[in-house]
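Visitor: The structure under discussion is supplied below as structure tokens; questions concerning it will follow.
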Amino acid sequence: MSVHTERRGPITLVTLTRPDVRNAVDAATAQALYQAFLDFDADPEARVAVFHGAHGHFCAGWDLKSGAALTGNAEQALPRLLAELDYPPDDPRPPGPMGPSRLLLGKPVIAAVEGAAVAGGMELALWCDLRVMAEDAYFGIYCRRFGVPLIDGGTVRLPRLIGQSRALDLILTGRQVKADEALTMGLANRVVAPGLALAAALGLAEQIAGFPQATLRADRLSALTQWDWPGREAMQREWQGGRTCLADALAGAARFADGAGRHGKF
């Protein structure tokens with residue numbers, strides 16, 4: 001299994017484990033992540049989730065090799081991909097391409113980031129309420145190189161977290177953002193020594209789980225929904241823009257599968 005869930009008292013630990021692809025997410029893994037967080041949200045005893053990637057990396061994004069496998073017949077692949085990823089705007093709990101990225105949960109999730117959290121993996125980290133980051137970890141919209149659009153909340157959440165000017169710098173260049181800069185711009189909430197992100201995130205989760213939960217959840221929900229556009233509408237608008245770019249995404253996936261852009265090379 002590529003996704004493991006473990007209860008530690010009031011904490012739910014969700015682990016992504018696909019070591020051969022730096023925890024990149026394919027369709028089956030996205031569905032497993034989506035279900036894991038739905039189960040966490042429905043569990044009356046669970047108060048906070050911690051989300052991390054095993055084997056030294058958080059998540060390298062969408063599995064481009066799985067996307068490249070769809071490019072044999074582009075005329076058939078694109079409609080099939082759109083059918084898999086599309087969703088009606090009134091769907092209350094829509095799955096995202098990366099799994100839970102379109103969900104608004106009733107409880108907080110903390111990302112424990114080691115190694116790479118790039119492309120769709122960065123979007124998963126942005127989806128979380130807080131990000132605890134190792135000193136040698138990094139973010140980056142690496143999918144910029146391959147024409148893969150941000151359709152898991154990146155264009156919505158990143159400007160809201162760090163401001164539009166900084167967000168556009170990252171969105172337009174795809175450059176790497178290391179932990180010290182991420183902390184300065186507010187992208188990371190805590191930075192810890194390498195290898196300690198999970199332990200620190202679990203400690204933070206324990207602290208949050210100890211507070212009165214009804215008030216905490218009400219305040220959290222108000223903070224998340226107070227923007228000019230309701231989050232769901234903003235996400236729908238993002239998808240409507242990104243869905244027109246998926247042909248480029250498939251072409252980029254094929255380039256990646258052929259060896260382009262490995263190890264973050266532009």
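Identifiers for the structure tokens are assigned positionally: chains receive A, B, ... in sequence, residues are indexed from 1 per chain, and ligands are indexed from 1 in the order shown.
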Kindly provide the residues of segment 61-175 of chain A that approach segment 240-247 of chain A to within 10 Å, each paired with its closest atom pair and their distance in Å to one decimal, based on only C-alpha atoms, listed by chain and increasing number, as CSV.
Guide:
residue,atom,partner,partner_atom,distance
A:Thr71,CA,A:Ala247,CA,9.2
A:Ala74,CA,A:Ala247,CA,7.8
A:Glu75,CA,A:Ala247,CA,9.4
A:Ala77,CA,A:Ala247,CA,8.9
A:Leu78,CA,A:Ala247,CA,6.3
A:Pro79,CA,A:Ala247,CA,9.7
A:Leu81,CA,A:Leu246,CA,8.1
A:Leu82,CA,A:Arg243,CA,7.1
A:Leu85,CA,A:Arg243,CA,8.5
A:Asp86,CA,A:Arg243,CA,8.0
A:Gly147,CA,A:Cys245,CA,7.4
A:Val148,CA,A:Leu246,CA,6.8
A:Pro149,CA,A:Gly242,CA,5.4
A:Leu150,CA,A:Gly242,CA,6.6
A:Ile151,CA,A:Gly242,CA,5.8
A:Asp152,CA,A:Gly242,CA,9.6
A:Thr155,CA,A:Gly242,CA,9.9
Visitor: Put those residues in a file: C-alpha atoms, as a short mmCIF file (atom, residue, chain, number, x, y, z; two decimals), in the first residue's frame.
Guide:
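Listed below is the output, result.cif:
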data_model
loop_
_atom_site.label_atom_id
_atom_site.label_comp_id
_atom_site.auth_asym_id
_atom_site.auth_seq_id
_atom_site.Cartn_x
_atom_site.Cartn_y
_atom_site.Cartn_z
CA THR A 71 0.11 9.82 -24.22
CA ALA A 74 -3.39 11.89 -27.25
CA GLU A 75 -6.84 12.29 -28.82
CA ALA A 77 -6.00 10.34 -23.49
CA LEU A 78 -7.02 13.95 -22.95
CA PRO A 79 -10.81 13.36 -22.76
CA LEU A 81 -7.97 12.53 -18.18
CA LEU A 82 -10.49 15.36 -18.10
CA LEU A 85 -10.25 15.00 -12.88
CA ASP A 86 -13.32 17.14 -13.56
CA GLY A 147 3.57 22.65 -18.63
CA VAL A 148 1.68 20.89 -15.85
CA PRO A 149 -0.82 23.36 -14.36
CA LEU A 150 -1.47 23.96 -10.68
CA ILE A 151 -4.90 22.36 -10.22
CA ASP A 152 -4.63 21.24 -6.59
CA THR A 155 -2.87 29.31 -7.36
#
Visitor: Set the distance at 9 Å and use only C-alpha atoms: which residues neighbour Met185 of chain A once local chain neighbours fewer than 3 positions away are removed? I'd like the list as a list in words.
Guide: Leu161, Ile162, Gly163, Arg166, Asp180, Glu181, Ala182 and Ala188 of chain A
Visitor: Take the residues from that selection and put them in a file with all heavy atoms, as a compact mmCIF listing (two decimals), in the first residue's frame.
Guide:
# COMPACT_ATOMS: atom_id res chain seq x y z
N LEU A 161 -1.31 32.57 1.39
CA LEU A 161 -0.34 32.29 2.45
C LEU A 161 0.79 33.30 2.49
O LEU A 161 1.19 33.76 3.57
CB LEU A 161 0.25 30.89 2.28
CG LEU A 161 -0.58 29.71 2.74
CD1 LEU A 161 0.10 28.40 2.34
CD2 LEU A 161 -0.80 29.74 4.25
N ILE A 162 1.35 33.66 1.34
CA ILE A 162 2.59 34.44 1.34
C ILE A 162 2.48 35.76 0.58
O ILE A 162 3.46 36.49 0.48
CB ILE A 162 3.76 33.62 0.76
CG1 ILE A 162 3.55 33.29 -0.72
CG2 ILE A 162 3.96 32.34 1.57
CD1 ILE A 162 4.76 32.62 -1.37
N GLY A 163 1.30 36.10 0.06
CA GLY A 163 1.14 37.32 -0.70
C GLY A 163 1.34 37.09 -2.19
O GLY A 163 2.08 36.20 -2.62
N ARG A 166 5.14 37.47 -3.93
CA ARG A 166 6.01 36.31 -3.69
C ARG A 166 5.45 35.07 -4.36
O ARG A 166 6.21 34.26 -4.92
CB ARG A 166 6.15 36.08 -2.19
CG ARG A 166 7.13 37.03 -1.52
CD ARG A 166 7.12 36.86 -0.02
NE ARG A 166 8.30 37.46 0.60
CZ ARG A 166 8.43 37.66 1.90
NH1 ARG A 166 7.46 37.32 2.72
NH2 ARG A 166 9.53 38.20 2.39
N ASP A 180 15.04 28.04 4.98
CA ASP A 180 15.23 29.33 5.62
C ASP A 180 14.39 30.40 4.93
O ASP A 180 13.76 31.24 5.59
CB ASP A 180 16.71 29.72 5.65
CG ASP A 180 17.38 29.71 4.28
OD1 ASP A 180 16.77 29.21 3.31
OD2 ASP A 180 18.53 30.20 4.18
N GLU A 181 14.34 30.39 3.60
CA GLU A 181 13.51 31.35 2.88
C GLU A 181 12.03 31.05 3.08
O GLU A 181 11.22 31.97 3.24
CB GLU A 181 13.84 31.34 1.39
CG GLU A 181 13.06 32.40 0.61
CD GLU A 181 13.33 32.39 -0.88
OE1 GLU A 181 14.02 31.49 -1.36
OE2 GLU A 181 12.82 33.31 -1.57
N ALA A 182 11.68 29.78 3.10
CA ALA A 182 10.28 29.41 3.32
C ALA A 182 9.78 29.92 4.66
O ALA A 182 8.64 30.39 4.78
CB ALA A 182 10.12 27.89 3.23
N ALA A 188 6.74 28.16 5.51
CA ALA A 188 6.95 27.20 6.60
C ALA A 188 6.59 27.87 7.92
O ALA A 188 6.84 29.07 8.11
CB ALA A 188 8.40 26.73 6.64
Visitor: I need the residues of segment 41-240 of chain A that end up classed as alpha helix (DSSP H) by DSSP on the backbone, written out as a PyMOL selection string.
Guide: chain A and resi 41-42+64-68+74-85+120-127+154-162+164-173+179-185+197-209+213-224+231-240
Visitor: Could you give me, as JSON lines, a per-residue list for segment 138-256 of chain A showing, wherever an atom lies at most 10 Å from an atom of segment 109-122 of chain A, the closest pair of atoms and their distance in Å to one decimal, using only C-alpha atoms and sorting by chain then residue number from low to high?
Guide:
{"residue": "A:Tyr138", "atom": "CA", "partner": "A:Ala116", "partner_atom": "CA", "distance": 5.4}
{"residue": "A:Phe139", "atom": "CA", "partner": "A:Ala117", "partner_atom": "CA", "distance": 5.0}
{"residue": "A:Gly140", "atom": "CA", "partner": "A:Val118", "partner_atom": "CA", "distance": 4.7}
{"residue": "A:Ile141", "atom": "CA", "partner": "A:Ala119", "partner_atom": "CA", "distance": 4.4}
{"residue": "A:Tyr142", "atom": "CA", "partner": "A:Ala119", "partner_atom": "CA", "distance": 5.1}
{"residue": "A:Cys143", "atom": "CA", "partner": "A:Ala119", "partner_atom": "CA", "distance": 5.2}
{"residue": "A:Arg144", "atom": "CA", "partner": "A:Ala119", "partner_atom": "CA", "distance": 8.0}
{"residue": "A:Val148", "atom": "CA", "partner": "A:Ala119", "partner_atom": "CA", "distance": 8.7}
{"residue": "A:Pro149", "atom": "CA", "partner": "A:Ala119", "partner_atom": "CA", "distance": 9.1}
{"residue": "A:Leu150", "atom": "CA", "partner": "A:Gly120", "partner_atom": "CA", "distance": 7.3}
{"residue": "A:Ile151", "atom": "CA", "partner": "A:Gly120", "partner_atom": "CA", "distance": 8.3}
{"residue": "A:Asp152", "atom": "CA", "partner": "A:Gly120", "partner_atom": "CA", "distance": 6.8}
{"residue": "A:Gly153", "atom": "CA", "partner": "A:Gly120", "partner_atom": "CA", "distance": 9.2}
{"residue": "A:Gly154", "atom": "CA", "partner": "A:Met122", "partner_atom": "CA", "distance": 7.9}
{"residue": "A:Leu158", "atom": "CA", "partner": "A:Met122", "partner_atom": "CA", "distance": 9.6}
{"residue": "A:Ile171", "atom": "CA", "partner": "A:Ala119", "partner_atom": "CA", "distance": 9.9}
{"residue": "A:Gly174", "atom": "CA", "partner": "A:Ala119", "partner_atom": "CA", "distance": 8.5}
{"residue": "A:Arg175", "atom": "CA", "partner": "A:Val118", "partner_atom": "CA", "distance": 9.9}
{"residue": "A:Gln176", "atom": "CA", "partner": "A:Val118", "partner_atom": "CA", "distance": 8.5}
{"residue": "A:Val177", "atom": "CA", "partner": "A:Val118", "partner_atom": "CA", "distance": 9.5}
{"residue": "A:Lys178", "atom": "CA", "partner": "A:Ala116", "partner_atom": "CA", "distance": 9.8}
{"residue": "A:Ala179", "atom": "CA", "partner": "A:Val113", "partner_atom": "CA", "distance": 9.7}
{"residue": "A:Ala188", "atom": "CA", "partner": "A:Val113", "partner_atom": "CA", "distance": 9.3}
{"residue": "A:Asn189", "atom": "CA", "partner": "A:Ile110", "partner_atom": "CA", "distance": 10.0}
{"residue": "A:Arg190", "atom": "CA", "partner": "A:Ala112", "partner_atom": "CA", "distance": 9.7}
{"residue": "A:Val191", "atom": "CA", "partner": "A:Val113", "partner_atom": "CA", "distance": 9.4}
{"residue": "A:Val192", "atom": "CA", "partner": "A:Glu114", "partner_atom": "CA", "distance": 9.9}
{"residue": "A:Ala193", "atom": "CA", "partner": "A:Glu114", "partner_atom": "CA", "distance": 9.9}
{"residue": "A:Pro194", "atom": "CA", "partner": "A:Glu114", "partner_atom": "CA", "distance": 7.3}
{"residue": "A:Gly195", "atom": "CA", "partner": "A:Glu114", "partner_atom": "CA", "distance": 7.0}
{"residue": "A:Leu196", "atom": "CA", "partner": "A:Glu114", "partner_atom": "CA", "distance": 8.5}
{"residue": "A:Ala197", "atom": "CA", "partner": "A:Ala112", "partner_atom": "CA", "distance": 5.1}
{"residue": "A:Leu198", "atom": "CA", "partner": "A:Ala112", "partner_atom": "CA", "distance": 5.1}
{"residue": "A:Ala199", "atom": "CA", "partner": "A:Ala112", "partner_atom": "CA", "distance": 8.4}
{"residue": "A:Ala200", "atom": "CA", "partner": "A:Ala112", "partner_atom": "CA", "distance": 7.9}
{"residue": "A:Ala201", "atom": "CA", "partner": "A:Ala112", "partner_atom": "CA", "distance": 5.7}
{"residue": "A:Leu202", "atom": "CA", "partner": "A:Ile110", "partner_atom": "CA", "distance": 8.4}
{"residue": "A:Leu204", "atom": "CA", "partner": "A:Ile110", "partner_atom": "CA", "distance": 8.3}
{"residue": "A:Ala205", "atom": "CA", "partner": "A:Ile110", "partner_atom": "CA", "distance": 7.2}
Visitor: Using only C-alpha atoms, please write the residues we just selected to a file, as a PDB file, in the first residue's frame.
Guide:
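Final output, out_22.pdb:
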ATOM      1  CA  TYR A 138      12.696  22.419  -0.097  1.00  0.00           C
ATOM      2  CA  PHE A 139       9.613  23.559  -1.983  1.00  0.00           C
ATOM      3  CA  GLY A 140       9.289  24.413  -5.662  1.00  0.00           C
ATOM      4  CA  ILE A 141       6.753  24.479  -8.459  1.00  0.00           C
ATOM      5  CA  TYR A 142       8.931  22.189 -10.520  1.00  0.00           C
ATOM      6  CA  CYS A 143       6.020  21.302 -12.816  1.00  0.00           C
ATOM      7  CA  ARG A 144       6.577  24.705 -14.468  1.00  0.00           C
ATOM      8  CA  VAL A 148       1.684  20.885 -15.848  1.00  0.00           C
ATOM      9  CA  PRO A 149      -0.823  23.362 -14.358  1.00  0.00           C
ATOM     10  CA  LEU A 150      -1.469  23.959 -10.682  1.00  0.00           C
ATOM     11  CA  ILE A 151      -4.899  22.363 -10.218  1.00  0.00           C
ATOM     12  CA  ASP A 152      -4.631  21.241  -6.595  1.00  0.00           C
ATOM     13  CA  GLY A 153      -5.083  24.644  -4.994  1.00  0.00           C
ATOM     14  CA  GLY A 154      -1.657  26.127  -5.659  1.00  0.00           C
ATOM     15  CA  LEU A 158      -0.070  30.183  -2.208  1.00  0.00           C
ATOM     16  CA  ILE A 171       4.578  30.291  -9.779  1.00  0.00           C
ATOM     17  CA  GLY A 174       9.287  27.323 -10.546  1.00  0.00           C
ATOM     18  CA  ARG A 175      12.449  27.988  -8.542  1.00  0.00           C
ATOM     19  CA  GLN A 176      13.525  26.045  -5.483  1.00  0.00           C
ATOM     20  CA  VAL A 177      12.646  27.486  -2.073  1.00  0.00           C
ATOM     21  CA  LYS A 178      14.775  26.206   0.794  1.00  0.00           C
ATOM     22  CA  ALA A 179      13.686  26.071   4.411  1.00  0.00           C
ATOM     23  CA  ALA A 188       6.946  27.203   6.596  1.00  0.00           C
ATOM     24  CA  ASN A 189       5.676  27.608  10.155  1.00  0.00           C
ATOM     25  CA  ARG A 190       8.530  25.803  11.912  1.00  0.00           C
ATOM     26  CA  VAL A 191      12.013  24.763  10.766  1.00  0.00           C
ATOM     27  CA  VAL A 192      13.817  21.960  12.590  1.00  0.00           C
ATOM     28  CA  ALA A 193      16.970  19.908  12.200  1.00  0.00           C
ATOM     29  CA  PRO A 194      17.081  17.343   9.383  1.00  0.00           C
ATOM     30  CA  GLY A 195      15.217  14.183  10.255  1.00  0.00           C
ATOM     31  CA  LEU A 196      13.152  15.807  13.010  1.00  0.00           C
ATOM     32  CA  ALA A 197      10.203  17.220  11.038  1.00  0.00           C
ATOM     33  CA  LEU A 198       7.891  14.338  11.900  1.00  0.00           C
ATOM     34  CA  ALA A 199       8.685  14.407  15.613  1.00  0.00           C
ATOM     35  CA  ALA A 200       8.199  18.170  15.724  1.00  0.00           C
ATOM     36  CA  ALA A 201       4.924  17.955  13.805  1.00  0.00           C
ATOM     37  CA  LEU A 202       3.628  15.273  16.160  1.00  0.00           C
ATOM     38  CA  LEU A 204       2.721  20.399  17.633  1.00  0.00           C
ATOM     39  CA  ALA A 205      -0.291  18.184  16.902  1.00  0.00           C
TER      40      ALA A 205
END
Visitor: Per residue of segment 218-254 of chain A within 12 Å of segment 42-63 of chain A, what are the shortest atom pair and its distance in Å to one decimal, counting only C-alpha atoms, with rows by chain and residue number, as JSON lines?
Guide:
{"residue": "A:Ala249", "atom": "CA", "partner": "A:Trp62", "partner_atom": "CA", "distance": 10.4}
{"residue": "A:Leu250", "atom": "CA", "partner": "A:Asp63", "partner_atom": "CA", "distance": 11.2}
{"residue": "A:Gly252", "atom": "CA", "partner": "A:Asp63", "partner_atom": "CA", "distance": 11.5}
{"residue": "A:Ala253", "atom": "CA", "partner": "A:Asp63", "partner_atom": "CA", "distance": 8.4}
{"residue": "A:Ala254", "atom": "CA", "partner": "A:Asp63", "partner_atom": "CA", "distance": 11.2}
Visitor: Selected residues, N, CA and C atoms, written as a compact mmCIF listing (two decimals), in the first residue's frame, please.
Guide:
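Dumped everything to part37.txt:
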# COMPACT_ATOMS: atom_id res chain seq x y z
N ALA A 249 0.33 19.23 -20.19
CA ALA A 249 0.79 18.41 -19.07
C ALA A 249 1.17 17.01 -19.54
N LEU A 250 0.37 16.44 -20.43
CA LEU A 250 0.67 15.11 -20.94
C LEU A 250 1.96 15.11 -21.77
N GLY A 252 4.42 17.21 -21.35
CA GLY A 252 5.51 17.36 -20.40
C GLY A 252 5.81 16.07 -19.68
N ALA A 253 4.79 15.30 -19.35
CA ALA A 253 4.99 14.02 -18.70
C ALA A 253 5.79 13.08 -19.59
N ALA A 254 5.52 13.13 -20.88
CA ALA A 254 6.26 12.28 -21.81
C ALA A 254 7.73 12.69 -21.86
Visitor: When you look at Ala223 of chain A with a cut-off of 12 Å (counting only C-alpha atoms), what residues show up, excluding the ones that are within fewer than 6 positions of it in the same chain? I need them as a VMD selection string.
Guide: chain A and resid 129 160 to 161 216 to 217 230 to 231
Visitor: Contacts of Leu105 of chain A at 9 Å or less, counting only C-alpha atoms, minus same-chain residues fewer than 5 places along, as a list in words?
Guide: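 Here the answer would be Phe37, Leu38, Asp41 and Leu221 of chain A.
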Visitor: If we count only C-alpha atoms and set the cut-off at 10 Å, which residues sit around Pro89 of chain A, ignoring sequence neighbours fewer than 3 positions away in its own chain? Please answer as a ChimeraX atom specification.
Guide: /A:86,92,94,232-233,235-237,239
Visitor: For N, CA, C and O atoms, I'd like the residues from the last selection saved as a CSV table (one decimal), in the first residue's frame.
Guide:
chain,number,residue,atom,x,y,z
A,86,ASP,N,-12.3,16.1,-13.6
A,86,ASP,CA,-13.3,17.1,-13.6
A,86,ASP,C,-14.3,16.9,-12.4
A,86,ASP,O,-14.4,15.8,-11.9
A,92,PRO,N,-19.9,18.6,-2.7
A,92,PRO,CA,-19.4,19.0,-1.4
A,92,PRO,C,-18.1,18.5,-1.0
A,92,PRO,O,-17.4,19.1,-0.1
A,94,PRO,N,-15.2,17.1,-3.2
A,94,PRO,CA,-14.6,16.6,-4.5
A,94,PRO,C,-13.2,16.1,-4.3
A,94,PRO,O,-12.4,16.7,-3.5
A,232,ARG,N,-14.3,27.2,-2.1
A,232,ARG,CA,-14.7,26.3,-3.1
A,232,ARG,C,-14.8,26.9,-4.5
A,232,ARG,O,-14.5,26.3,-5.5
A,233,GLU,N,-15.3,28.2,-4.5
A,233,GLU,CA,-15.5,28.8,-5.8
A,233,GLU,C,-14.1,29.2,-6.4
A,233,GLU,O,-13.9,29.0,-7.6
A,235,MET,N,-11.4,27.4,-5.9
A,235,MET,CA,-10.8,26.2,-6.4
A,235,MET,C,-11.5,25.8,-7.7
A,235,MET,O,-10.8,25.3,-8.7
A,236,GLN,N,-12.8,26.0,-7.9
A,236,GLN,CA,-13.4,25.7,-9.1
A,236,GLN,C,-12.9,26.6,-10.3
A,236,GLN,O,-12.7,26.1,-11.4
A,237,ARG,N,-12.7,27.9,-10.0
A,237,ARG,CA,-12.1,28.8,-11.0
A,237,ARG,C,-10.7,28.3,-11.4
A,237,ARG,O,-10.3,28.4,-12.5
A,239,TRP,N,-9.6,25.3,-11.3
A,239,TRP,CA,-9.7,24.1,-12.2
A,239,TRP,C,-10.1,24.5,-13.6
A,239,TRP,O,-9.6,23.9,-14.6
Visitor: Have a look at A:Leu187, A:Leu64, A:Ala24, A:Ala218 and name the one nearest to Arg145 of chain A; count only C-alpha atoms.
Guide: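 Answer, going by the shortest atom-to-atom distance: A:Leu64.
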Visitor: Looking at only C-alpha atoms, which of A:Leu103, A:Arg22, A:Leu168, A:Leu183 is the one that sits closest to Ala134 of chain A?
Guide: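 Closest to Ala134 of chain A, using only C-alpha atoms: A:Leu183.
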Visitor: When you look at His4 of chain A with a cut-off of 9 Å (counting only C-alpha atoms), what residues show up, excluding the ones that are within fewer than 3 positions of it in the same chain? I need them as a JSON list (two decimals) with N, CA, C and O atoms, in the first residue's frame.
Guide:
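Listing of result.json after writing:
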[["chain", "number", "residue", "atom", "x", "y", "z"],
["A", 1, "MET", "N", 0.83, -1.20, 0.00],
["A", 1, "MET", "CA", 0.00, 0.00, 0.00],
["A", 1, "MET", "C", 0.87, 1.26, 0.00],
["A", 1, "MET", "O", 1.87, 1.33, 0.71],
["A", 13, "LEU", "N", -1.82, 9.76, 12.02],
["A", 13, "LEU", "CA", -0.61, 9.90, 11.19],
["A", 13, "LEU", "C", -0.87, 9.28, 9.83],
["A", 13, "LEU", "O", -1.18, 8.09, 9.72],
["A", 14, "VAL", "N", -0.78, 10.09, 8.79],
["A", 14, "VAL", "CA", -0.97, 9.63, 7.41],
["A", 14, "VAL", "C", 0.39, 9.67, 6.72],
["A", 14, "VAL", "O", 1.03, 10.72, 6.63],
["A", 15, "THR", "N", 0.82, 8.50, 6.24],
["A", 15, "THR", "CA", 2.15, 8.37, 5.65],
["A", 15, "THR", "C", 2.04, 8.00, 4.17],
["A", 15, "THR", "O", 1.37, 7.03, 3.81],
["A", 16, "LEU", "N", 2.69, 8.78, 3.33],
["A", 16, "LEU", "CA", 2.78, 8.51, 1.90],
["A", 16, "LEU", "C", 4.08, 7.77, 1.65],
["A", 16, "LEU", "O", 5.15, 8.24, 2.04],
["A", 17, "THR", "N", 4.01, 6.61, 1.01],
["A", 17, "THR", "CA", 5.23, 5.82, 0.82],
["A", 17, "THR", "C", 5.28, 5.19, -0.57],
["A", 17, "THR", "O", 4.67, 4.15, -0.82],
["A", 32, "ALA", "N", -6.30, 6.84, -2.43],
["A", 32, "ALA", "CA", -6.01, 6.37, -1.08],
["A", 32, "ALA", "C", -5.81, 7.53, -0.12],
["A", 32, "ALA", "O", -6.28, 7.49, 1.03],
["A", 33, "LEU", "N", -5.12, 8.59, -0.55],
["A", 33, "LEU", "CA", -4.96, 9.77, 0.29],
["A", 33, "LEU", "C", -6.30, 10.45, 0.56],
["A", 33, "LEU", "O", -6.58, 10.86, 1.69],
["A", 36, "ALA", "N", -8.14, 8.41, 3.09],
["A", 36, "ALA", "CA", -7.51, 8.48, 4.41],
["A", 36, "ALA", "C", -7.92, 9.75, 5.15],
["A", 36, "ALA", "O", -8.21, 9.71, 6.36]]
